[in-house]
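Peer 1: Dropping the structure in here first, questions after.
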Amino acid sequence: MKPPPFEYFTPASVEDALALLGEHREQAKVLAGGQSLVPLLNFRLARPRYLVDLNGIPHLDYIREEDGWLAIGAMTRQRAVERSALVRDRCPLLAEAMPQIGHVQIRNRGTIGGSLAHADPAAELPAIVAALGGRLVVRGPDGERVMAPERFFVGYLTTALEPFELLVGVRLPVRRSRTGHAFVEVSRRHGDFALVGVAAALTLDAAGACADAALALTGVGPTPVVAAAATRVLVGQRPSAEAFQEVGRRVSETLEPDSDLHASSEYRKHLAGVLTRRALTRAAERARGGEG
Amino acid sequence: MKERTIRLTVNGRPYERTVEVRKTLADFLREDLDLTGTHLGCEHGVCGACTVVVNGEAVRSCLLFAVQLEGANILTVEGLADGDNLHPIQEAFWEHHGLQCGFCTPGFLLTLYCFLKETPRPSEAEIREAISGNLCRCTGYHNIVIAARAAAEKLASAGPTP
């Protein structure tokens, strides 16, 4: 038997799940889609005494528009997000990133909330939420708190979630007019974790100059890296190859990614610059074309 | 609770078994139901050898616990053929030598089973993306892609299949 022994609970409501987490605290792990947790169990890198399976809880699986936000339930399967016409229309950045997450067999089970709460430093979804300035909806014994990504993602595989809290959903701002997006990544093999990934959003004003720009990178630090200073120089400028090249250079020089088996720190820095330029170029084309 | 009793359907046949909660679906199929056609390679979700179909969707059976499958409808490689008649995807793999050692083959077959239902006329690029979550270490992808395309043609000319 690969996983270590554990006791298994299938709460029927968020309240029941919170009660179990409140009782067992650090000894419990939450099971969502299991595509990150079960490998850790199979390797016995994680040895929780209690597993709290959220799959029996209704109403955590939804995609809907609410007051200018796209709201997605934590237990929504990644494949459902990938296939959603509402996501394609309201949040094209997310739609573009979805097929690059794992493989179809993974996305059939993997959930939006599971990936965000796992907070792998090379995962796509945290960078998407960071680039768009989304919100993470967290439930605890005292009610709900809504967190910004820069507060939620704390470090390598670490979020601000307390052991007695649950991530119940995420909200992403719906796309504005004259805004283009792009998500580009390089990985060793399609579906593998990104060596570097870049999420970009670019808004043009009526005259075609850049009104707003946002960039977040994955794979280059313990949490998604939001390149606010580098994108600020774009505001007021007309999009140009030179301007994007310059942003890429600035992004690259501010990063200090780790080296690992798959890529050296130097190579990741280089990739980050190139992919930043490509993502901004594509986002600008889409902003002009009105295709998001 | 370290054990639970589950009822589920595998390849059209109903089963009821009591299983340890930490048993993966893959081990359950192989050890409790003697369905050893589902192969285990990496056991952490990378290689795709253990791919089975759960309620119509291809999933990694090494990353699910059997207890999560209460009421589920599962298809494994043993359920593809109709008696002695191979499924058109199996036939195509045979005819186009889409396998060498055969270890990865059940996973490829079931991945393609779901993919071809959704994408009956795939391009080569679509086929390659569809099988990107399945590893073949005999480096047999070339013939697997050819077999997948032939399978699509067989399925299209045969009309709707189970």
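Going through the structure tokens in order, the chains are called A, B, and so on, while each chain numbers its residues from 1 and the ligands are numbered from 1 in the order shown.
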Tell me which protein, DNA and RNA residues are within 12 Å of Gly159 in chain B, counting only C-alpha atoms, leaving out same-chain ones fewer than 3 positions away, and put them as an NGL selection string.

Peer 2: :B and (88 or 117 or 120 or 152-156 or 162)

Peer 1: Select, as number ranges by chain, those residues of chain A with any atom no more than 10 Å from chain B (distances computed using only C-alpha atoms).

Peer 2: A: 1-10, 33-43, 50-51, 53, 55-56, 99, 102-110, 189-192
